[in-house]
Structure formats: C-alpha cells, structure tokens
>>> print(open('query-v6.cif').read())   # mmCIF, C-alpha atoms and all ligand atoms
data_query
loop_
_atom_site.group_PDB
_atom_site.id
_atom_site.type_symbol
_atom_site.label_atom_id
_atom_site.label_comp_id
_atom_site.auth_asym_id
_atom_site.auth_seq_id
_atom_site.Cartn_x
_atom_site.Cartn_y
_atom_site.Cartn_z
ATOM 1 C CA MET A 16 -9.741 -18.775 39.586
ATOM 2 C CA ILE A 17 -9.939 -21.936 41.654
ATOM 3 C CA GLN A 18 -12.783 -24.386 41.302
ATOM 4 C CA LEU A 19 -13.822 -27.806 42.556
ATOM 5 C CA GLY A 20 -15.197 -30.489 40.215
ATOM 6 C CA ASN A 21 -13.130 -33.039 38.279
ATOM 7 C CA GLY A 22 -10.311 -32.591 40.764
ATOM 8 C CA ILE A 23 -9.345 -29.002 41.513
ATOM 9 C CA LEU A 24 -8.926 -26.579 38.659
ATOM 10 C CA LEU A 25 -6.642 -23.561 38.837
ATOM 11 C CA GLU A 26 -6.838 -21.105 35.951
ATOM 12 C CA MET A 27 -3.898 -18.754 35.872
ATOM 13 C CA ASP A 28 -2.019 -16.872 33.158
ATOM 14 C CA GLY A 29 -4.420 -18.278 30.528
ATOM 15 C CA CYS A 30 -3.566 -21.846 31.459
ATOM 16 C CA LYS A 31 -5.535 -24.634 33.145
ATOM 17 C CA PHE A 32 -3.731 -26.476 35.919
ATOM 18 C CA ARG A 33 -5.617 -29.471 37.233
ATOM 19 C CA PHE A 34 -4.856 -31.291 40.493
ATOM 20 C CA ASP A 35 -5.919 -34.939 41.013
ATOM 21 C CA SER A 36 -8.563 -34.953 38.293
ATOM 22 C CA LYS A 37 -10.904 -37.849 37.522
ATOM 23 C CA ARG A 38 -11.189 -37.230 33.781
ATOM 24 C CA VAL A 39 -8.107 -36.128 31.918
ATOM 25 C CA GLN A 40 -8.484 -33.215 29.519
ATOM 26 C CA ALA A 41 -5.986 -32.813 26.739
ATOM 27 C CA ASP A 42 -5.150 -29.121 27.125
ATOM 28 C CA ASP A 43 -4.787 -29.172 30.926
ATOM 29 C CA VAL A 44 -1.559 -29.369 32.878
ATOM 30 C CA SER A 45 -2.437 -32.512 34.879
ATOM 31 C CA MET A 46 -0.885 -33.280 38.253
ATOM 32 C CA ILE A 47 -1.279 -36.422 40.380
ATOM 33 C CA SER A 48 -0.324 -35.916 44.019
ATOM 34 C CA HIS A 49 -0.176 -39.585 45.040
ATOM 35 C CA ALA A 50 -1.460 -43.047 44.188
ATOM 36 C CA HIS A 51 -4.471 -43.410 46.542
ATOM 37 C CA MET A 52 -7.537 -44.335 44.515
ATOM 38 C CA ASP A 53 -9.540 -41.188 45.352
ATOM 39 C CA HIS A 54 -6.812 -39.041 43.764
ATOM 40 C CA LEU A 55 -6.383 -40.976 40.527
ATOM 41 C CA PRO A 56 -7.881 -40.411 37.094
ATOM 42 C CA THR A 57 -10.432 -43.067 36.170
ATOM 43 C CA SER A 58 -10.809 -42.596 32.449
ATOM 44 C CA PHE A 59 -7.938 -41.971 30.123
ATOM 45 C CA LYS A 60 -6.372 -43.543 27.055
ATOM 46 C CA ARG A 61 -2.978 -41.968 27.240
ATOM 47 C CA LEU A 62 -1.959 -39.735 30.062
ATOM 48 C CA ALA A 63 0.812 -37.232 30.450
ATOM 49 C CA ALA A 64 0.904 -35.968 34.022
ATOM 50 C CA ILE A 65 3.253 -34.361 36.492
ATOM 51 C CA CYS A 66 3.878 -36.904 39.242
ATOM 52 C CA SER A 67 6.736 -38.692 40.978
ATOM 53 C CA PRO A 68 8.230 -41.864 39.421
ATOM 54 C CA VAL A 69 6.803 -43.864 42.376
ATOM 55 C CA THR A 70 3.285 -42.489 41.797
ATOM 56 C CA ARG A 71 3.602 -43.214 38.064
ATOM 57 C CA ASP A 72 4.478 -46.877 38.742
ATOM 58 C CA PHE A 73 1.552 -47.321 41.150
ATOM 59 C CA VAL A 74 -0.916 -45.694 38.760
ATOM 60 C CA GLU A 75 0.305 -47.926 35.938
ATOM 61 C CA ALA A 76 -0.033 -51.012 38.156
ATOM 62 C CA ARG A 77 -3.533 -50.008 39.288
ATOM 63 C CA ARG A 78 -4.976 -48.704 36.025
ATOM 64 C CA LYS A 79 -3.044 -51.078 33.707
ATOM 65 C CA LYS A 80 -2.247 -48.181 31.377
ATOM 66 C CA SER A 81 0.944 -46.332 30.755
ATOM 67 C CA ILE A 82 1.635 -42.843 31.975
ATOM 68 C CA GLU A 83 4.104 -40.376 30.662
ATOM 69 C CA ALA A 84 5.627 -38.436 33.564
ATOM 70 C CA CYS A 85 6.137 -34.878 32.320
ATOM 71 C CA SER A 86 7.197 -31.559 33.777
ATOM 72 C CA ASP A 87 6.310 -27.864 33.467
ATOM 73 C CA PRO A 88 8.641 -24.993 34.323
ATOM 74 C CA ARG A 89 5.868 -23.310 36.368
ATOM 75 C CA VAL A 90 5.232 -26.375 38.557
ATOM 76 C CA LYS A 91 7.479 -27.489 41.402
ATOM 77 C CA MET A 92 7.013 -30.922 43.050
ATOM 78 C CA LEU A 93 7.573 -30.964 46.787
ATOM 79 C CA GLU A 94 7.583 -33.742 49.392
ATOM 80 C CA ALA A 95 4.087 -34.206 50.869
ATOM 81 C CA GLY A 96 5.086 -36.739 53.575
ATOM 82 C CA HIS A 97 1.797 -38.653 53.161
ATOM 83 C CA ILE A 98 2.827 -41.951 51.510
ATOM 84 C CA ALA A 99 5.792 -43.048 49.408
ATOM 85 C CA GLY A 100 5.984 -40.905 46.266
ATOM 86 C CA SER A 101 3.426 -38.332 47.462
ATOM 87 C CA ASN A 102 3.915 -34.722 46.357
ATOM 88 C CA MET A 103 2.563 -31.241 46.927
ATOM 89 C CA PHE A 104 2.585 -28.889 43.924
ATOM 90 C CA LEU A 105 3.703 -25.262 43.936
ATOM 91 C CA VAL A 106 2.498 -23.446 40.808
ATOM 92 C CA GLU A 107 4.215 -20.137 40.128
ATOM 93 C CA GLY A 108 2.591 -17.583 37.807
ATOM 94 C CA GLU A 109 1.012 -14.218 38.578
ATOM 95 C CA ASN A 110 0.333 -15.844 41.972
ATOM 96 C CA LYS A 111 2.082 -18.541 43.913
ATOM 97 C CA VAL A 112 -0.373 -21.354 44.555
ATOM 98 C CA LEU A 113 0.408 -24.346 46.761
ATOM 99 C CA TYR A 114 -1.729 -27.504 46.511
ATOM 100 C CA THR A 115 -0.942 -29.917 49.345
ATOM 101 C CA GLY A 116 -2.891 -33.008 48.277
ATOM 102 C CA ASP A 117 -2.932 -35.307 51.312
ATOM 103 C CA PHE A 118 0.039 -34.329 53.442
ATOM 104 C CA CYS A 119 1.814 -34.921 56.746
ATOM 105 C CA THR A 120 4.408 -32.855 58.602
ATOM 106 C CA ARG A 121 5.545 -35.660 60.904
ATOM 107 C CA GLU A 122 8.673 -37.488 59.804
ATOM 108 C CA LYS A 123 8.156 -41.263 59.688
ATOM 109 C CA GLU A 124 10.236 -44.360 59.067
ATOM 110 C CA HIS A 125 9.611 -44.479 55.305
ATOM 111 C CA THR A 126 8.525 -40.898 54.473
ATOM 112 C CA ARG A 127 10.075 -37.501 55.063
ATOM 113 C CA ALA A 128 8.001 -34.613 56.414
ATOM 114 C CA ALA A 129 6.226 -31.969 54.294
ATOM 115 C CA SER A 130 7.491 -28.431 54.889
ATOM 116 C CA PRO A 131 5.548 -25.186 54.553
ATOM 117 C CA GLN A 132 6.185 -22.941 51.522
ATOM 118 C CA THR A 133 5.537 -19.232 51.273
ATOM 119 C CA CYS A 134 2.616 -18.751 48.862
ATOM 120 C CA ASP A 135 -0.289 -16.411 47.989
ATOM 121 C CA VAL A 136 -2.955 -19.082 47.826
ATOM 122 C CA LEU A 137 -2.949 -22.327 49.776
ATOM 123 C CA ILE A 138 -5.199 -25.249 48.845
ATOM 124 C CA MET A 139 -4.966 -27.707 51.723
ATOM 125 C CA GLU A 140 -6.614 -30.935 52.799
ATOM 126 C CA ALA A 141 -8.648 -30.966 56.017
ATOM 127 C CA THR A 142 -9.086 -34.686 56.816
ATOM 128 C CA TYR A 143 -8.422 -34.089 60.537
ATOM 129 C CA GLY A 144 -9.487 -30.434 60.632
ATOM 130 C CA LYS A 145 -11.132 -30.528 64.070
ATOM 131 C CA PRO A 146 -9.413 -29.563 67.347
ATOM 132 C CA ARG A 147 -9.794 -32.980 68.951
ATOM 133 C CA TYR A 148 -7.516 -34.621 66.364
ATOM 134 C CA VAL A 149 -4.073 -33.902 67.757
ATOM 135 C CA PHE A 150 -1.727 -36.832 67.254
ATOM 136 C CA PRO A 151 0.821 -38.035 69.807
ATOM 137 C CA ALA A 152 4.467 -38.313 68.661
ATOM 138 C CA HIS A 153 4.750 -40.938 65.919
ATOM 139 C CA GLY A 154 7.751 -42.699 67.498
ATOM 140 C CA GLU A 155 6.008 -43.041 70.851
ATOM 141 C CA VAL A 156 2.912 -44.684 69.388
ATOM 142 C CA MET A 157 5.040 -47.029 67.295
ATOM 143 C CA SER A 158 7.016 -48.077 70.353
ATOM 144 C CA MET A 159 3.760 -48.794 72.216
ATOM 145 C CA ALA A 160 2.695 -50.977 69.276
ATOM 146 C CA ARG A 161 6.066 -52.716 69.346
ATOM 147 C CA ASP A 162 5.722 -53.478 73.096
ATOM 148 C CA TRP A 163 2.221 -54.852 72.540
ATOM 149 C CA LEU A 164 3.477 -57.092 69.711
ATOM 150 C CA SER A 165 6.591 -58.270 71.584
ATOM 151 C CA ASP A 166 4.373 -59.497 74.409
ATOM 152 C CA ILE A 167 2.250 -61.551 72.000
ATOM 153 C CA LEU A 168 5.241 -63.000 70.139
ATOM 154 C CA ARG A 169 6.997 -63.931 73.382
ATOM 155 C CA ARG A 170 4.022 -66.205 74.143
ATOM 156 C CA ASP A 171 4.199 -67.746 70.638
ATOM 157 C CA GLY A 172 1.003 -65.948 69.704
ATOM 158 C CA THR A 173 -0.131 -64.308 66.490
ATOM 159 C CA ALA A 174 -1.231 -60.783 65.777
ATOM 160 C CA ILE A 175 -3.170 -59.241 62.895
ATOM 161 C CA LEU A 176 -2.480 -55.602 62.087
ATOM 162 C CA PHE A 177 -5.130 -53.840 60.018
ATOM 163 C CA ALA A 178 -3.736 -51.116 57.822
ATOM 164 C CA TYR A 179 -4.359 -49.466 54.472
ATOM 165 C CA PRO A 180 -2.375 -51.432 51.814
ATOM 166 C CA LEU A 181 -0.569 -48.366 50.472
ATOM 167 C CA GLY A 182 0.939 -46.041 53.055
ATOM 168 C CA LYS A 183 0.339 -47.385 56.545
ATOM 169 C CA SER A 184 1.359 -50.932 55.582
ATOM 170 C CA GLN A 185 4.723 -49.741 54.278
ATOM 171 C CA GLU A 186 5.299 -47.712 57.442
ATOM 172 C CA LEU A 187 4.519 -50.805 59.536
ATOM 173 C CA THR A 188 6.654 -53.161 57.460
ATOM 174 C CA ALA A 189 9.578 -50.690 57.532
ATOM 175 C CA THR A 190 9.340 -50.074 61.278
ATOM 176 C CA LEU A 191 8.709 -53.689 62.327
ATOM 177 C CA ARG A 192 10.910 -55.442 59.760
ATOM 178 C CA ASP A 193 12.882 -57.255 62.536
ATOM 179 C CA MET A 194 9.664 -59.079 63.559
ATOM 180 C CA PRO A 195 8.255 -62.239 61.882
ATOM 181 C CA LEU A 196 6.026 -60.344 59.412
ATOM 182 C CA VAL A 197 3.781 -61.995 56.837
ATOM 183 C CA LEU A 198 1.937 -59.750 54.407
ATOM 184 C CA HIS A 199 -1.269 -59.810 52.435
ATOM 185 C CA GLN A 200 -0.437 -60.281 48.762
ATOM 186 C CA ALA A 201 -1.519 -56.744 47.798
ATOM 187 C CA ILE A 202 0.805 -55.263 50.409
ATOM 188 C CA ALA A 203 3.717 -57.480 49.342
ATOM 189 C CA GLU A 204 3.151 -56.349 45.737
ATOM 190 C CA ASN A 205 3.158 -52.689 46.757
ATOM 191 C CA ASN A 206 6.380 -53.257 48.682
ATOM 192 C CA ARG A 207 7.969 -54.824 45.597
ATOM 193 C CA ILE A 208 7.151 -51.757 43.510
ATOM 194 C CA LEU A 209 8.836 -49.598 46.153
ATOM 195 C CA MET A 210 11.854 -51.915 46.421
ATOM 196 C CA ARG A 211 12.535 -51.139 42.757
ATOM 197 C CA HIS A 212 12.787 -47.489 43.845
ATOM 198 C CA GLY A 213 15.355 -48.264 46.546
ATOM 199 C CA TYR A 214 13.054 -48.743 49.578
ATOM 200 C CA ASP A 215 14.253 -51.392 52.012
ATOM 201 C CA LEU A 216 11.065 -53.349 52.801
ATOM 202 C CA PRO A 217 10.233 -57.001 53.541
ATOM 203 C CA ASP A 218 7.832 -58.787 51.159
ATOM 204 C CA THR A 219 7.072 -62.204 52.674
ATOM 205 C CA GLU A 220 3.525 -63.183 51.760
ATOM 206 C CA PHE A 221 1.112 -65.092 53.992
ATOM 207 C CA VAL A 222 1.464 -68.798 53.066
ATOM 208 C CA SER A 223 0.276 -70.952 56.028
ATOM 209 C CA PRO A 224 2.841 -69.574 58.496
ATOM 210 C CA ASP A 225 3.550 -71.166 61.909
ATOM 211 C CA PRO A 226 3.181 -68.994 65.024
ATOM 212 C CA PRO A 227 4.544 -66.706 66.231
ATOM 213 C CA PHE A 228 3.881 -64.234 63.419
ATOM 214 C CA VAL A 229 2.441 -60.806 62.679
ATOM 215 C CA TYR A 230 0.028 -60.631 59.731
ATOM 216 C CA ILE A 231 -0.447 -57.248 58.056
ATOM 217 C CA THR A 232 -3.620 -56.853 55.977
ATOM 218 C CA SER A 233 -6.497 -54.494 55.282
ATOM 219 C CA GLY A 234 -8.693 -57.400 56.443
ATOM 220 C CA GLN A 235 -11.289 -56.495 53.865
ATOM 221 C CA GLY A 236 -12.873 -58.225 50.869
ATOM 222 C CA LYS A 237 -11.675 -61.749 50.156
ATOM 223 C CA ASP A 238 -9.349 -61.660 53.159
ATOM 224 C CA ALA A 239 -12.176 -61.482 55.717
ATOM 225 C CA PRO A 240 -12.590 -65.305 56.094
ATOM 226 C CA ARG A 241 -8.857 -65.768 56.703
ATOM 227 C CA VAL A 242 -8.936 -63.031 59.354
ATOM 228 C CA GLU A 243 -11.975 -64.641 60.986
ATOM 229 C CA SER A 244 -10.277 -68.020 61.170
ATOM 230 C CA LEU A 245 -7.111 -66.521 62.682
ATOM 231 C CA ARG A 246 -9.266 -64.697 65.232
ATOM 232 C CA LYS A 247 -10.957 -67.977 66.174
ATOM 233 C CA HIS A 248 -7.530 -69.476 66.803
ATOM 234 C CA GLY A 249 -6.709 -66.718 69.263
ATOM 235 C CA ALA A 250 -5.012 -64.061 67.135
ATOM 236 C CA LYS A 251 -4.907 -60.593 68.716
ATOM 237 C CA THR A 252 -5.925 -57.684 66.491
ATOM 238 C CA ALA A 253 -4.898 -54.052 66.183
ATOM 239 C CA ALA A 254 -5.798 -51.220 63.815
ATOM 240 C CA PHE A 255 -3.578 -48.290 62.860
ATOM 241 C CA SER A 256 -5.466 -45.123 62.082
ATOM 242 C CA GLY A 257 -5.808 -41.497 63.037
ATOM 243 C CA TRP A 258 -9.450 -42.247 63.865
ATOM 244 C CA ALA A 259 -8.148 -44.279 66.815
ATOM 245 C CA LEU A 260 -8.487 -40.951 68.661
ATOM 246 C CA ASP A 261 -12.277 -41.435 68.468
ATOM 247 C CA ARG A 262 -13.638 -43.098 71.574
ATOM 248 C CA ASN A 263 -15.687 -45.726 69.715
ATOM 249 C CA PHE A 264 -13.045 -46.743 67.227
ATOM 250 C CA ASN A 265 -11.868 -50.045 68.851
ATOM 251 C CA HIS A 266 -15.441 -51.202 69.204
ATOM 252 C CA GLN A 267 -16.435 -50.189 65.673
ATOM 253 C CA MET A 268 -13.431 -51.908 64.157
ATOM 254 C CA ARG A 269 -13.723 -54.996 66.409
ATOM 255 C CA VAL A 270 -10.066 -54.818 67.447
ATOM 256 C CA ASP A 271 -8.241 -55.481 70.714
ATOM 257 C CA GLU A 272 -6.007 -52.430 70.300
ATOM 258 C CA ALA A 273 -5.942 -49.281 68.194
ATOM 259 C CA PHE A 274 -2.911 -47.097 67.592
ATOM 260 C CA ALA A 275 -3.245 -43.459 66.510
ATOM 261 C CA ILE A 276 -0.890 -43.578 63.547
ATOM 262 C CA SER A 277 -1.885 -41.394 60.614
ATOM 263 C CA ASP A 278 -0.528 -40.429 57.186
ATOM 264 C CA HIS A 279 -2.176 -37.021 57.557
ATOM 265 C CA CYS A 280 -1.570 -33.868 59.603
ATOM 266 C CA GLY A 281 -3.408 -33.499 62.875
ATOM 267 C CA TYR A 282 -5.422 -30.332 63.543
ATOM 268 C CA ASP A 283 -2.551 -28.490 65.263
ATOM 269 C CA GLU A 284 -0.197 -29.388 62.392
ATOM 270 C CA LEU A 285 -2.680 -28.148 59.775
ATOM 271 C CA LEU A 286 -2.912 -24.771 61.533
ATOM 272 C CA GLU A 287 0.851 -24.488 62.008
ATOM 273 C CA PHE A 288 1.454 -25.342 58.345
ATOM 274 C CA ALA A 289 -1.105 -22.753 57.186
ATOM 275 C CA ARG A 290 0.420 -20.087 59.450
ATOM 276 C CA ARG A 291 3.937 -20.699 58.152
ATOM 277 C CA CYS A 292 2.904 -20.598 54.469
ATOM 278 C CA ARG A 293 1.661 -17.017 55.127
ATOM 279 C CA PRO A 294 -0.943 -17.094 52.311
ATOM 280 C CA GLU A 295 -3.533 -14.380 51.669
ATOM 281 C CA GLU A 296 -6.195 -16.921 50.969
ATOM 282 C CA ILE A 297 -6.788 -20.552 51.926
ATOM 283 C CA PHE A 298 -9.068 -23.171 50.393
ATOM 284 C CA THR A 299 -9.768 -26.289 52.444
ATOM 285 C CA THR A 300 -10.819 -29.581 50.897
ATOM 286 C CA HIS A 301 -11.519 -33.217 52.020
ATOM 287 C CA GLY A 302 -12.790 -34.216 55.467
ATOM 288 C CA PHE A 303 -13.624 -31.390 57.877
ATOM 289 C CA ALA A 304 -13.172 -28.654 55.259
ATOM 290 C CA ARG A 305 -15.953 -26.407 56.638
ATOM 291 C CA GLU A 306 -14.842 -26.658 60.244
ATOM 292 C CA LEU A 307 -11.188 -26.045 59.407
ATOM 293 C CA ALA A 308 -11.964 -22.968 57.274
ATOM 294 C CA VAL A 309 -13.901 -21.408 60.154
ATOM 295 C CA LEU A 310 -11.144 -22.179 62.667
ATOM 296 C CA ILE A 311 -8.401 -20.830 60.378
ATOM 297 C CA LYS A 312 -10.278 -17.526 60.035
ATOM 298 C CA LYS A 313 -10.795 -17.345 63.787
ATOM 299 C CA THR A 314 -7.324 -18.314 64.992
ATOM 300 C CA LEU A 315 -5.045 -17.113 62.167
ATOM 301 C CA GLY A 316 -7.144 -14.272 60.736
ATOM 302 C CA ILE A 317 -6.553 -15.560 57.188
ATOM 303 C CA ASP A 318 -9.408 -15.608 54.673
ATOM 304 C CA ALA A 319 -10.410 -19.260 54.308
ATOM 305 C CA GLN A 320 -13.125 -21.045 52.327
ATOM 306 C CA PRO A 321 -14.131 -24.685 52.168
ATOM 307 C CA MET A 322 -14.325 -26.454 48.806
ATOM 308 C CA VAL A 323 -16.987 -29.042 49.390
ATOM 309 C CA ALA A 324 -18.862 -31.087 46.833
ATOM 310 C CA ARG A 325 -20.651 -33.832 48.705
ATOM 311 C CA GLN A 326 -19.228 -35.161 51.927
ATOM 312 C CA ARG A 327 -17.845 -38.611 51.233
ATOM 313 C CA THR A 328 -17.499 -41.318 53.831
ATOM 314 C CA LEU A 329 -14.103 -41.106 55.469
ATOM 315 C CA ASP A 330 -11.698 -43.957 55.116
ATOM 316 C CA HIS A 331 -11.220 -45.991 58.287
ATOM 317 C CA PHE A 332 -7.468 -46.208 57.823
ATOM 318 C CA CYS A 333 -6.565 -42.579 57.025
HETATM 319 ZN ZN ZN B 1 -4.121 -40.257 50.397
HETATM 320 ZN ZN ZN B 2 -7.088 -38.502 50.018
#
>>> encode(input="query-v6.cif", output="structure tokens", more="lines below")
Ligand SMILES: [Zn+2]
Ligand SMILES: [Zn+2]
Amino acid sequence: MIQLGNGILLEMDGCKFRFDSKRVQADDVSMISHAHMDHLPTSFKRLAAICSPVTRDFVEARRKKSIEACSDPRVKMLEAGHIAGSNMFLVEGENKVLYTGDFCTREKEHTRAASPQTCDVLIMEATYGKPRYVFPAHGEVMSMARDWLSDILRRDGTAILFAYPLGKSQELTATLRDMPLVLHQAIAENNRILMRHGYDLPDTEFVSPDPPFVYITSGQGKDAPRVESLRKHGAKTAAFSGWALDRNFNHQMRVDEAFAISDHCGYDELLEFARRCRPEEIFTTHGFARELAVLIKKTLGIDAQPMVARQRTLDHFC
C-alpha cells in the first residue's frame, strides 16, 4: 500500500517505510532524500533516519538537532543527481519499490547523474512533467552563461546571479570558480559544509567587494536592499532555473538574462527514466503530477496515478 500524507508511506511486509515525512513516527523506517526544506521533518526530538552523511549535516545545521544516520538491509540508497547528498531509495521486499525524491539524470559539475533501476513500483517526482519542459544540454547553457559573464567582467562590471542557496549555487560556484565570485553568507556556509565532505568549492563572502565581481545570492529576504543598490549602480542580473523555459520568466523575475539550468529532470528525461525502470505501476508526485501520469499512460502504456494533496506554489529556482 502506498499513501500520501506526512510524506509518502509504503506499507510492505508488515513494515512502514516513510519517505520525506514531516512528523517522525517511532516505529517507521524513516528516509530523507535530500536537505531541501520541503523534504525535511519539522517536528522531532531525536531522529534516526536513512540519509546520506551530507544530508544529515545539512538537516542538523538547519534544524539545530542531531540526527542518527541509520541503515536497513531492505533499503538501498542510490544517487539522485539533484543536489549534493541527494538520494533515491530502493526498498526490496515482496515488491521492489523505487522512490526517486527530486532527481536529475543529467550529469553536472558537482553532482553525478541518477540512473534508472528495474523495479515493480516507481514513485517519481513530476516537477517538470509537461512536454514543453525539455532542457538543453547542461554544458551548453553553462557556457552561454560564462560568455555572458566574461563580457561583463571584461568591462569591469558586476553581475548578480540569482540561484537557490542549496543546489544551484553550488553548481554555479563549482563551474565558475575561476571567476571573481562573492557569495551570500548562506551560500558560503553551505559550501563550507560540503568542503568538509571533500567538495572543492570557493567560499568568499560578500564584504564590500570592488568591481569586477560576480555576486551569487537568492536575492530574497534581507538581501533584497543590497541587490537593489547593486542594480542601481549598474549590475547586470541573471537567474538560473528550469522555469527559464517559460516565456514570461525574465520579466517576472526582473532579470536581464535567464539560463535554463535545473536540478530536476526535464519531461523527456522523466519519461525515459520511467521507461527504463520497467515498473508495473507508477505514482507521480510534486509539480505536474496529474499531467505526467496521463502522459505516461498514453506514451508508455504503464499504469500511472498522481499522488496529489494540494498543489503548492512551485519554487522559482527549481
Ligand atoms: Zn529538492
Ligand atoms: Zn522538492
């Protein structure tokens, strides 16, 4: 039995496996796919969960509580390719069930790609589950971004790159580390956590830098006034997001440029992944879950159902 509500619950062989739950229950086998806020438990005193050491460190830093990383012989952790430390979970009992969490099958500078696994039941995310979201090659978009930045730096200018503090920011800092990067404090702190796990990332924080420089920030909250003042002094702006494929994105985000860089699979990659897992049944969750389920049934002939609670607003930087 698979059910949505307090994360995703899988009951199999008399045991409760719970993926990305909000409230931790003592007799569940708890799994945390990655450290983005919408996948983390909110209330717990002590937590034993199956997760990567990187995810554990981020959860501890964000929730200020300690986590005991545990294991279970029926659960295999697999690379999800979404952000540093992200995992898919393959649970093997009377059925083989694969939970992808957020995942990406494109290899990037700081993450490896997720690969399909043969399973009976596939629970997959559907953030970009509509045919118009097909991403160009990651390397090509990054080299366009690099050209755009080089032009600005050559003229002693400044650029602000808007990116989610965990995931996209690390990809940008890893790819552009030869440029004069200055980081928002939250991003520098995230990089430092990853440096302890062997990642080679810069961590220079923004402290009144002289041009030329490239500032990486989410641009939100308390950072908005700083961004505004840099804009007034002629800084060029760019956002990095899969939603850059939407026609209105630049305008909505008030940026000069937008680059279609995502930590998720595009529509074509979601379908290809589902086909290669060869499951009998698919559950779609997050984003365009309904649309993707219909299209999977139509194009792959596999039984697919959406798991939808209430549609949440989608993150601008996915
Ligand atoms: Zn995520
Ligand atoms: Zn997510």
>>> residues_near_ligand(input="query-v6.cif", ligand="ligand ZN 2 (chain B)", cutoff="7 Å", atoms="all atoms listed in the file", output="PyMOL selection string")
chain A and resi 51+53-54+117
>>> residues_near_ligand(input="query-v6.cif", ligand="ligand ZN 1 (chain B)", cutoff="9 Å", atoms="only C-alpha atoms and all ligand atoms", output="PyMOL selection string")
chain A and resi 48-54+97-98+101+116-118+181-182+278-279+333
>>> residues_around(input="query-v6.cif", residues="segment 289-304 of chain A", least_positions_apart="5", cutoff="9 Å", atoms="all atoms listed in the file", output="JSON, numbers by chain")
{"A": [17, 112, 113, 117, 131, 132, 133, 134, 135, 136, 137, 138, 139, 140, 141, 142, 143, 144, 145, 284, 309, 311, 315, 317, 318, 319, 320, 321, 322, 323, 326, 327, 328, 329]}
>>> residues_around(input="query-v6.cif", residues="segment 159-167 of chain A", least_positions_apart="2", cutoff="9 Å", atoms="only C-alpha atoms", output="list in words")
Gly154, Glu155, Val156, Met157, Arg169, Arg170, Asp171, Gly172, Thr173, Ala174, Leu191, Met194, Pro227, Val229, Lys251, Ala253, Glu272, Ala273 and Phe274 of chain A
>>> resolve_selection(input="query-v6.cif", expression="the PyMOL selection byres (((chain A and resi 27) around 10) and not hetatm)", output="MDAnalysis selection string")
chainID A and resid 16:17 24:26 28:32 106:110 112
>>> residues_around(input="query-v6.cif", residues="segment 71-84 of chain A", least_positions_apart="5", cutoff="10 Å", atoms="all atoms listed in the file", output="list in words")
Met46, Ile47, His49, Ala50, His51, Met52, Leu55, Pro56, Thr57, Ser58, Phe59, Lys60, Arg61, Leu62, Ala63, Ala64, Ile65, Cys66, Gly100, Leu181, Glu204, Asn205, Ile208, Leu209, Arg211 and His212 of chain A
>>> residues_around(input="query-v6.cif", residues="Gln267 of chain A", least_positions_apart="6", cutoff="12 Å", atoms="only C-alpha atoms", output="PyMOL selection string")
chain A and resi 254+258-259+261+273+331
>>> resolve_selection(input="query-v6.cif", expression="the PyMOL selection byres (((chain A and resi 199) around 10) and not hetatm)", output="list in words")
Pro180, Ser184, Val197, Leu198, Gln200, Ala201, Ile202, Ala203, Glu204, Asp218, Thr219, Glu220, Phe221, Val222, Tyr230, Ile231, Thr232, Ser233, Gly234 and Asp238 of chain A
>>> write_last_selection(input="query-v6.cif", atoms="C-alpha atoms", output="compact mmCIF listing (two decimals), in the frame of the given file")
# COMPACT_ATOMS: atom_id res chain seq x y z
CA PRO A 180 -2.38 -51.43 51.81
CA SER A 184 1.36 -50.93 55.58
CA VAL A 197 3.78 -62.00 56.84
CA LEU A 198 1.94 -59.75 54.41
CA GLN A 200 -0.44 -60.28 48.76
CA ALA A 201 -1.52 -56.74 47.80
CA ILE A 202 0.80 -55.26 50.41
CA ALA A 203 3.72 -57.48 49.34
CA GLU A 204 3.15 -56.35 45.74
CA ASP A 218 7.83 -58.79 51.16
CA THR A 219 7.07 -62.20 52.67
CA GLU A 220 3.52 -63.18 51.76
CA PHE A 221 1.11 -65.09 53.99
CA VAL A 222 1.46 -68.80 53.07
CA TYR A 230 0.03 -60.63 59.73
CA ILE A 231 -0.45 -57.25 58.06
CA THR A 232 -3.62 -56.85 55.98
CA SER A 233 -6.50 -54.49 55.28
CA GLY A 234 -8.69 -57.40 56.44
CA ASP A 238 -9.35 -61.66 53.16
>>> axis_aligned_box(input="query-v6.cif", around="segment 71-90 of chain A", padding_each_side="4 Å", output="AutoDock Vina command-line options")
--center_x 1.8 --center_y -37.2 --center_z 35.9 --size_x 21.6 --size_y 35.8 --size_z 18.5
>>> closest_residue(input="query-v6.cif", among="A:Asp215, A:Arg38, A:Lys237, A:Val270", to="Ala250 of chain A", atoms="all atoms listed in the file")
A:Val270
>>> atom_distance(input="query-v6.cif", atom1="atom CA of Ile276 of chain A", atom2="atom CA of Thr120 of chain A")
12.9 Å
>>> atom_distance(input="query-v6.cif", atom1="atom CA of His125 of chain A", atom2="atom CA of Tyr214 of chain A")
7.9 Å
>>> closest_residue(input="query-v6.cif", among="A:Leu176, A:Met103, A:Arg121, A:Val44", to="Cys85 of chain A", atoms="all atoms listed in the file")
A:Val44
>>> closest_residue(input="query-v6.cif", among="A:Arg241, A:Lys183, A:Arg147, A:Arg246", to="Leu260 of chain A", atoms="all atoms listed in the file")
A:Arg147
>>> atom_distance(input="query-v6.cif", atom1="atom CA of Val149 of chain A", atom2="atom CA of Ala95 of chain A")
18.8 Å
